[in-house]
Amino acid sequence: TKAPVTVTVTGAAGQIGYALLFRIASGQLIGPDTPIKLRLLEIPQAVKAAEGTAMELDDCAFPLLQGIDITDDPRTAFDGTNVALLVGARPRTKGMERGDLLEANGGIFKPQGEAINAGAADDVRVLVVGNPANTNALIAQAHAPDVPAERFTAMTRLDHNRALTQLAQKLGVAVTDIKKLAIWGNHSATQYPDLFHAEVGGKIAAEQVEKAWLRDEFIPTVAKRGAAIIEARGASSAASAANAAIDHVHTWVNGTAEGDWTSAGVVSDGSYGVPEGLISSFPVVARDGRFEIVQGLDIDEFSRERIDASVNELVEEREAVRKLGLV
Ligand code: NAI
């Protein structure tokens, strides 16, 4: 067996935490032969609930699970951690302005970034799930100057997976028949799911669907899926979000298949006109344990407009957190 991997999950007592922890402990995050040590970070009021989840984890007798630590202190939570899943965040409540939301989340992601900088393992990989995920990731990254910026990522894999199924159902094909789909921009309603490079049976997906469907159904359905789930379930998407977090890290560590790519919010190197330093979703391949932005794609006018709109929103969010002194 391999050396154990320490995985820290913040917001461990929340809905996504409950759907995520059992899958991590069962070996789905890294692989079936890698032991796991779990660290659960919660706010003091929720530590007891996290302890309850830990009791259930114990009761699963997972062969790979080598221990569970629970804490309300970020320094303890991230000490020596290899994989940090930042799920806990401050939700937007009624009447809350965006500035207030960003400030409240700054109060969470700044100290967590500092704690990762201070104590995480040299190979630490960070995935931010808590919204606004891209900008929360940017805040954490800005406070971890000793960690390579590329280790901070934001989750758009759920959007990617949603888009895969929408397209598969439209064309009557299996999700595995679809390659090279991509989500661009922000994990928000402005995100752009791109079918102009996606391939189904070796042919471009956008050419196999009506333009009106692509523009008026596919894009809004993917972008507004979170709200549709809340409307239907009376609760937000938790199991599918947890599943996407598992997929994101598993791909990061184990790589993308030859001839395919995935989507992730990664630090921009200026590719495709996305301002350097922003954490934006791109088509990415994972190779040798690293995400790389896919280069050289032609972006037509339809896509350009939509990528720009989402990236502009990210620029505005960065401006807002700059004004707050958070980056
Ligand atoms: P939840 O409200 O059930 O759980 C959040 C947990 O975080 C709570 O237990 C809370 O006590 C904890 N928490 C708050 N501040 C914390 C801190 N400073 N340190 C540690 N823990 C803290 O929410 P749920 O459903 O689990 O969702 C979590 C986040 O994920 C939300 O921000 C949600 O918007 C986001 N999300 C992101 C998705 C994506 O695709 N990127 C998809 C779905 C949800």
# chains A, B, ... in the order shown; residues from 1 in each chain; ligands from 1
$ residues_near_ligand --ligand "ligand 1" --cutoff "8 Å" --atoms "only C-alpha atoms and all ligand atoms" --output "ChimeraX atom specification"
/A:10-18,41-43,45-46,72,74,87-91,107-109,128-133,154-159,187,226,235-238,240-242,244
$ write_last_selection --atoms "N, CA and C atoms" --output "short mmCIF file (atom, residue, chain, number, x, y, z; two decimals), in the first residue's frame"
data_model
loop_
_atom_site.label_atom_id
_atom_site.label_comp_id
_atom_site.auth_asym_id
_atom_site.auth_seq_id
_atom_site.Cartn_x
_atom_site.Cartn_y
_atom_site.Cartn_z
N THR A 10 -13.33 21.35 4.93
CA THR A 10 -13.96 22.41 5.73
C THR A 10 -15.47 22.36 5.50
N GLY A 11 -16.21 22.83 6.49
CA GLY A 11 -17.67 22.72 6.37
C GLY A 11 -18.10 21.28 6.43
N ALA A 12 -17.35 20.50 7.19
CA ALA A 12 -17.54 19.04 7.20
C ALA A 12 -18.91 18.62 7.70
N ALA A 13 -19.55 19.46 8.51
CA ALA A 13 -20.87 19.10 9.05
C ALA A 13 -22.01 19.55 8.15
N GLY A 14 -21.68 20.15 7.02
CA GLY A 14 -22.73 20.64 6.12
C GLY A 14 -23.25 19.56 5.19
N GLN A 15 -24.13 19.97 4.29
CA GLN A 15 -24.78 19.02 3.37
C GLN A 15 -23.77 18.36 2.43
N ILE A 16 -22.93 19.16 1.82
CA ILE A 16 -21.94 18.58 0.90
C ILE A 16 -20.97 17.70 1.69
N GLY A 17 -20.56 18.17 2.85
CA GLY A 17 -19.66 17.38 3.70
C GLY A 17 -20.20 15.98 3.94
N TYR A 18 -21.50 15.91 4.22
CA TYR A 18 -22.11 14.61 4.52
C TYR A 18 -22.10 13.69 3.30
N LEU A 41 -12.72 20.39 9.50
CA LEU A 41 -12.73 21.75 10.07
C LEU A 41 -14.16 22.26 10.08
N GLU A 42 -14.58 22.73 11.22
CA GLU A 42 -15.91 23.33 11.34
C GLU A 42 -15.83 24.54 12.27
N ILE A 43 -16.89 25.32 12.26
CA ILE A 43 -17.00 26.40 13.24
C ILE A 43 -17.40 25.76 14.57
N GLN A 45 -19.76 25.95 16.71
CA GLN A 45 -21.14 25.49 16.90
C GLN A 45 -21.44 24.20 16.16
N ALA A 46 -20.64 23.87 15.16
CA ALA A 46 -20.94 22.69 14.34
C ALA A 46 -19.97 21.54 14.58
N ASP A 72 -11.77 23.17 15.23
CA ASP A 72 -12.30 24.45 14.77
C ASP A 72 -11.16 25.43 14.51
N PRO A 74 -8.12 26.49 12.02
CA PRO A 74 -7.55 26.26 10.69
C PRO A 74 -6.09 25.79 10.71
N VAL A 87 -14.99 23.67 1.50
CA VAL A 87 -16.42 23.57 1.21
C VAL A 87 -17.22 24.59 2.02
N GLY A 88 -16.85 24.79 3.25
CA GLY A 88 -17.59 25.70 4.14
C GLY A 88 -17.46 27.13 3.67
N ALA A 89 -18.58 27.83 3.54
CA ALA A 89 -18.56 29.22 3.12
C ALA A 89 -19.78 29.91 3.70
N ARG A 90 -19.78 31.23 3.57
CA ARG A 90 -20.90 32.01 4.07
C ARG A 90 -21.91 32.17 2.95
N PRO A 91 -23.10 31.62 3.09
CA PRO A 91 -24.09 31.76 2.02
C PRO A 91 -24.66 33.17 1.96
N GLY A 107 -13.43 36.71 5.39
CA GLY A 107 -13.16 36.36 6.78
C GLY A 107 -12.95 34.87 6.99
N ILE A 108 -13.36 34.07 6.03
CA ILE A 108 -13.16 32.62 6.09
C ILE A 108 -11.92 32.21 5.28
N PHE A 109 -11.82 32.71 4.04
CA PHE A 109 -10.80 32.19 3.13
C PHE A 109 -9.43 32.83 3.32
N VAL A 128 -11.52 24.77 -4.00
CA VAL A 128 -12.54 25.58 -3.35
C VAL A 128 -13.90 25.26 -3.98
N VAL A 129 -14.81 24.84 -3.12
CA VAL A 129 -16.18 24.52 -3.53
C VAL A 129 -17.13 25.62 -3.05
N GLY A 130 -16.86 26.15 -1.87
CA GLY A 130 -17.75 27.16 -1.26
C GLY A 130 -17.84 28.41 -2.11
N ASN A 131 -19.04 28.88 -2.30
CA ASN A 131 -19.27 30.04 -3.19
C ASN A 131 -19.09 31.39 -2.50
N PRO A 132 -18.75 32.41 -3.27
CA PRO A 132 -18.39 32.40 -4.69
C PRO A 132 -17.03 31.75 -4.92
N ALA A 133 -17.04 30.53 -5.48
CA ALA A 133 -15.88 29.65 -5.43
C ALA A 133 -14.62 30.26 -6.07
N ALA A 154 -10.73 26.20 -8.29
CA ALA A 154 -12.14 26.35 -7.93
C ALA A 154 -12.96 25.35 -8.74
N MET A 155 -14.07 24.92 -8.16
CA MET A 155 -14.82 23.82 -8.78
C MET A 155 -15.82 24.28 -9.83
N THR A 156 -15.61 23.85 -11.06
CA THR A 156 -16.62 23.97 -12.11
C THR A 156 -16.92 22.59 -12.71
N ARG A 157 -16.45 21.55 -12.04
CA ARG A 157 -16.69 20.20 -12.54
C ARG A 157 -18.16 19.82 -12.48
N LEU A 158 -18.89 20.38 -11.50
CA LEU A 158 -20.32 20.09 -11.44
C LEU A 158 -21.00 20.67 -12.68
N ASP A 159 -20.62 21.86 -13.08
CA ASP A 159 -21.18 22.47 -14.28
C ASP A 159 -20.83 21.62 -15.51
N HIS A 187 -17.92 30.23 -11.89
CA HIS A 187 -18.98 29.31 -11.44
C HIS A 187 -20.16 30.16 -10.97
N GLY A 226 -28.39 24.88 -10.63
CA GLY A 226 -28.37 24.94 -9.16
C GLY A 226 -29.70 25.45 -8.62
N ALA A 235 -33.83 21.99 -1.36
CA ALA A 235 -32.50 22.05 -0.75
C ALA A 235 -31.50 22.08 -1.90
N SER A 236 -30.31 22.60 -1.63
CA SER A 236 -29.37 22.78 -2.74
C SER A 236 -28.68 21.47 -3.09
N SER A 237 -28.09 21.47 -4.27
CA SER A 237 -27.40 20.27 -4.76
C SER A 237 -26.23 19.97 -3.84
N ALA A 238 -26.25 18.82 -3.22
CA ALA A 238 -25.17 18.46 -2.30
C ALA A 238 -24.47 17.19 -2.79
N SER A 240 -24.48 15.83 -5.80
CA SER A 240 -23.82 16.02 -7.10
C SER A 240 -22.62 16.95 -6.97
N ALA A 241 -22.69 17.89 -6.03
CA ALA A 241 -21.54 18.77 -5.79
C ALA A 241 -20.39 17.95 -5.19
N ALA A 242 -20.73 17.08 -4.23
CA ALA A 242 -19.71 16.21 -3.64
C ALA A 242 -19.10 15.30 -4.70
N ALA A 244 -18.80 15.91 -7.84
CA ALA A 244 -17.92 16.70 -8.70
C ALA A 244 -16.59 16.99 -8.01
#
$ residues_around --residues "range 198-209 of chain A" --least-positions-apart "6" --cutoff "7 Å" --atoms "only C-alpha atoms" --output "short mmCIF file (atom, residue, chain, number, x, y, z; two decimals) with C-alpha atoms, in the first residue's frame"
data_model
loop_
_atom_site.label_atom_id
_atom_site.label_comp_id
_atom_site.auth_asym_id
_atom_site.auth_seq_id
_atom_site.Cartn_x
_atom_site.Cartn_y
_atom_site.Cartn_z
CA ASP A 177 -19.33 9.31 -26.01
CA ILE A 178 -18.71 13.03 -25.39
CA LYS A 179 -15.17 14.41 -25.38
CA LYS A 180 -13.67 17.87 -24.97
CA LEU A 181 -16.58 19.70 -23.47
#
$ closest_residue --among "A:Leu138, A:Lys224, A:Ala257, A:Phe218" --to "Glu276 in chain A" --atoms "only C-alpha atoms"
A:Leu138
$ closest_atom_pairs --of "range 62-92 of chain A" --to "range 49-55 of chain A" --cutoff "12 Å" --atoms "only C-alpha atoms" --output "CSV"
residue,atom,partner,partner_atom,distance
A:Phe62,CA,A:Ala54,CA,11.9
A:Leu65,CA,A:Ala54,CA,11.2
A:Gly67,CA,A:Ala54,CA,9.6
A:Ile68,CA,A:Ala54,CA,6.9
A:Asp69,CA,A:Ala54,CA,8.7
A:Ile70,CA,A:Glu51,CA,7.1
A:Thr71,CA,A:Ala50,CA,9.2
A:Asp72,CA,A:Ala50,CA,10.3
$ select_by_dssp --residues "range 33-165 of chain A" --states "helix (DSSP H, G or I)" --output "PDB file with C-alpha atoms, in the first residue's frame"
ATOM      1  CA  PRO A  44     -17.325  25.790  16.991  1.00  0.00           C
ATOM      2  CA  GLN A  45     -21.145  25.490  16.904  1.00  0.00           C
ATOM      3  CA  ALA A  46     -20.943  22.686  14.338  1.00  0.00           C
ATOM      4  CA  VAL A  47     -18.085  20.655  15.826  1.00  0.00           C
ATOM      5  CA  LYS A  48     -20.538  18.394  17.631  1.00  0.00           C
ATOM      6  CA  ALA A  49     -22.383  17.618  14.396  1.00  0.00           C
ATOM      7  CA  ALA A  50     -19.030  16.862  12.729  1.00  0.00           C
ATOM      8  CA  GLU A  51     -18.299  14.468  15.583  1.00  0.00           C
ATOM      9  CA  GLY A  52     -21.559  12.709  14.791  1.00  0.00           C
ATOM     10  CA  THR A  53     -20.514  12.296  11.165  1.00  0.00           C
ATOM     11  CA  ALA A  54     -17.154  10.984  12.344  1.00  0.00           C
ATOM     12  CA  MET A  55     -18.978   8.360  14.443  1.00  0.00           C
ATOM     13  CA  GLU A  56     -20.738   7.193  11.286  1.00  0.00           C
ATOM     14  CA  LEU A  57     -17.455   7.132   9.385  1.00  0.00           C
ATOM     15  CA  ASP A  58     -16.072   4.901  12.140  1.00  0.00           C
ATOM     16  CA  ASP A  59     -19.110   2.684  11.797  1.00  0.00           C
ATOM     17  CA  PRO A  74      -7.547  26.261  10.689  1.00  0.00           C
ATOM     18  CA  ARG A  75      -3.860  25.901  11.660  1.00  0.00           C
ATOM     19  CA  THR A  76      -4.528  22.472  13.129  1.00  0.00           C
ATOM     20  CA  ALA A  77      -6.804  21.507  10.261  1.00  0.00           C
ATOM     21  CA  PHE A  78      -4.270  22.250   7.510  1.00  0.00           C
ATOM     22  CA  ARG A  98     -22.355  41.269  -3.060  1.00  0.00           C
ATOM     23  CA  GLY A  99     -19.794  43.350  -1.154  1.00  0.00           C
ATOM     24  CA  ASP A 100     -21.058  42.007   2.172  1.00  0.00           C
ATOM     25  CA  LEU A 101     -20.956  38.459   0.820  1.00  0.00           C
ATOM     26  CA  LEU A 102     -17.386  38.845  -0.412  1.00  0.00           C
ATOM     27  CA  GLU A 103     -16.321  40.407   2.868  1.00  0.00           C
ATOM     28  CA  ALA A 104     -17.911  37.639   4.955  1.00  0.00           C
ATOM     29  CA  ASN A 105     -16.179  35.029   2.832  1.00  0.00           C
ATOM     30  CA  GLY A 106     -12.919  36.920   3.040  1.00  0.00           C
ATOM     31  CA  GLY A 107     -13.162  36.359   6.784  1.00  0.00           C
ATOM     32  CA  ILE A 108     -13.159  32.620   6.091  1.00  0.00           C
ATOM     33  CA  PHE A 109     -10.801  32.192   3.129  1.00  0.00           C
ATOM     34  CA  LYS A 110      -8.056  34.625   4.208  1.00  0.00           C
ATOM     35  CA  PRO A 111      -7.244  32.771   7.454  1.00  0.00           C
ATOM     36  CA  GLN A 112      -7.577  29.438   5.682  1.00  0.00           C
ATOM     37  CA  GLY A 113      -5.107  30.556   2.997  1.00  0.00           C
ATOM     38  CA  GLU A 114      -2.713  31.710   5.723  1.00  0.00           C
ATOM     39  CA  ALA A 115      -3.032  28.395   7.526  1.00  0.00           C
ATOM     40  CA  ILE A 116      -2.364  26.461   4.307  1.00  0.00           C
ATOM     41  CA  ASN A 117       0.677  28.663   3.699  1.00  0.00           C
ATOM     42  CA  ALA A 118       1.944  28.062   7.217  1.00  0.00           C
ATOM     43  CA  GLY A 119       1.565  24.344   7.528  1.00  0.00           C
ATOM     44  CA  ALA A 133     -15.879  29.653  -5.430  1.00  0.00           C
ATOM     45  CA  ASN A 134     -13.556  31.374  -7.932  1.00  0.00           C
ATOM     46  CA  THR A 135     -13.096  34.502  -5.856  1.00  0.00           C
ATOM     47  CA  ASN A 136     -12.867  32.596  -2.577  1.00  0.00           C
ATOM     48  CA  ALA A 137     -10.070  30.590  -4.183  1.00  0.00           C
ATOM     49  CA  LEU A 138      -8.388  33.819  -5.246  1.00  0.00           C
ATOM     50  CA  ILE A 139      -8.549  35.158  -1.679  1.00  0.00           C
ATOM     51  CA  ALA A 140      -7.066  31.962  -0.201  1.00  0.00           C
ATOM     52  CA  GLN A 141      -4.345  31.890  -2.870  1.00  0.00           C
ATOM     53  CA  ALA A 142      -3.437  35.528  -2.234  1.00  0.00           C
ATOM     54  CA  ALA A 149      -0.513  29.604  -7.222  1.00  0.00           C
ATOM     55  CA  GLU A 150      -1.479  26.728  -9.534  1.00  0.00           C
ATOM     56  CA  ARG A 151      -2.303  24.589  -6.480  1.00  0.00           C
ATOM     57  CA  ARG A 157     -16.688  20.201 -12.537  1.00  0.00           C
ATOM     58  CA  LEU A 158     -20.319  20.089 -11.441  1.00  0.00           C
ATOM     59  CA  ASP A 159     -21.180  22.470 -14.284  1.00  0.00           C
ATOM     60  CA  HIS A 160     -19.108  20.303 -16.618  1.00  0.00           C
ATOM     61  CA  ASN A 161     -20.927  17.150 -15.534  1.00  0.00           C
ATOM     62  CA  ARG A 162     -24.304  18.865 -15.833  1.00  0.00           C
ATOM     63  CA  ALA A 163     -23.437  19.912 -19.384  1.00  0.00           C
ATOM     64  CA  LEU A 164     -22.322  16.376 -20.285  1.00  0.00           C
ATOM     65  CA  THR A 165     -25.663  14.907 -19.307  1.00  0.00           C
TER      66      THR A 165
END
$ select_by_dssp --residues "range 19-114 of chain A" --states "strand (DSSP E or B)" --output "list in words"
Ile36, Lys37, Leu38, Arg39, Leu40, Leu41, Leu65, Gln66, Gly67, Ile68, Asp69, Ile70, Thr71, Val83, Ala84, Leu85 and Leu86 of chain A
$ write_last_selection --atoms "N, CA and C atoms" --output "mmCIF file, in the first residue's frame"
data_model
loop_
_atom_site.group_PDB
_atom_site.id
_atom_site.type_symbol
_atom_site.label_atom_id
_atom_site.label_comp_id
_atom_site.auth_asym_id
_atom_site.auth_seq_id
_atom_site.Cartn_x
_atom_site.Cartn_y
_atom_site.Cartn_z
ATOM 1 N N ILE A 36 -6.235 6.985 3.791
ATOM 2 C CA ILE A 36 -6.693 8.363 3.973
ATOM 3 C C ILE A 36 -6.694 8.717 5.460
ATOM 4 N N LYS A 37 -6.196 9.924 5.756
ATOM 5 C CA LYS A 37 -6.384 10.501 7.084
ATOM 6 C C LYS A 37 -7.259 11.723 6.914
ATOM 7 N N LEU A 38 -8.351 11.782 7.626
ATOM 8 C CA LEU A 38 -9.292 12.887 7.473
ATOM 9 C C LEU A 38 -9.095 13.930 8.561
ATOM 10 N N ARG A 39 -9.218 15.187 8.142
ATOM 11 C CA ARG A 39 -9.254 16.315 9.086
ATOM 12 C C ARG A 39 -10.518 17.089 8.795
ATOM 13 N N LEU A 40 -11.328 17.258 9.768
ATOM 14 C CA LEU A 40 -12.583 17.984 9.578
ATOM 15 C C LEU A 40 -12.485 19.335 10.271
ATOM 16 N N LEU A 41 -12.715 20.390 9.497
ATOM 17 C CA LEU A 41 -12.727 21.745 10.069
ATOM 18 C C LEU A 41 -14.158 22.262 10.075
ATOM 19 N N LEU A 65 -9.387 4.040 5.813
ATOM 20 C CA LEU A 65 -9.453 5.210 6.692
ATOM 21 C C LEU A 65 -8.580 5.013 7.931
ATOM 22 N N GLN A 66 -7.553 5.849 8.031
ATOM 23 C CA GLN A 66 -6.578 5.675 9.119
ATOM 24 C C GLN A 66 -6.764 6.629 10.280
ATOM 25 N N GLY A 67 -7.778 7.453 10.252
ATOM 26 C CA GLY A 67 -7.997 8.335 11.402
ATOM 27 C C GLY A 67 -8.798 9.554 11.008
ATOM 28 N N ILE A 68 -9.448 10.142 12.003
ATOM 29 C CA ILE A 68 -10.260 11.350 11.781
ATOM 30 C C ILE A 68 -9.961 12.331 12.902
ATOM 31 N N ASP A 69 -9.527 13.526 12.537
ATOM 32 C CA ASP A 69 -9.351 14.600 13.522
ATOM 33 C C ASP A 69 -10.377 15.679 13.246
ATOM 34 N N ILE A 70 -10.934 16.226 14.296
ATOM 35 C CA ILE A 70 -11.950 17.273 14.153
ATOM 36 C C ILE A 70 -11.477 18.501 14.917
ATOM 37 N N THR A 71 -11.578 19.659 14.280
ATOM 38 C CA THR A 71 -11.081 20.864 14.924
ATOM 39 C C THR A 71 -11.839 22.096 14.443
ATOM 40 N N VAL A 83 -4.427 17.365 0.606
ATOM 41 C CA VAL A 83 -5.570 17.791 -0.205
ATOM 42 C C VAL A 83 -6.507 18.580 0.699
ATOM 43 N N ALA A 84 -6.798 19.812 0.305
ATOM 44 C CA ALA A 84 -7.687 20.671 1.095
ATOM 45 C C ALA A 84 -8.945 20.954 0.290
ATOM 46 N N LEU A 85 -10.068 20.517 0.803
ATOM 47 C CA LEU A 85 -11.353 20.745 0.145
ATOM 48 C C LEU A 85 -12.093 21.818 0.936
ATOM 49 N N LEU A 86 -12.119 23.023 0.376
ATOM 50 C CA LEU A 86 -12.693 24.154 1.102
ATOM 51 C C LEU A 86 -14.168 24.299 0.710
#
$ atom_distance --atom1 "CA of Pro4 in chain A" --atom2 "CA of Pro35 in chain A"
4.4 Å
$ closest_residue --among "A:Ala320, A:Ala239, A:Leu127, A:Val315" --to "Val266 in chain A" --atoms "only C-alpha atoms"
A:Leu127
$ closest_residue --among "A:Thr251, A:Thr262, A:Asn312, A:Ser268" --to "Thr190 in chain A" --atoms "only C-alpha atoms"
A:Asn312
$ atom_distance --atom1 "CA of Asp247 in chain A" --atom2 "CA of Ala232 in chain A"
24.5 Å
$ closest_residue --among "A:Gly185, A:Val327, A:Val222, A:Thr153" --to "Glu292 in chain A" --atoms "only C-alpha atoms"
A:Thr153
$ closest_residue --among "A:Ala189, A:Met96, A:Gly234, A:Val124" --to "Pro220 in chain A" --atoms "only C-alpha atoms"
A:Ala189
$ closest_residue --among "A:Val147, A:Val9, A:Val253, A:Val267" --to "Thr34 in chain A" --atoms "only C-alpha atoms"
A:Val253
$ atom_distance --atom1 "CA of Thr8 in chain A" --atom2 "CA of Gly31 in chain A"
16.6 Å
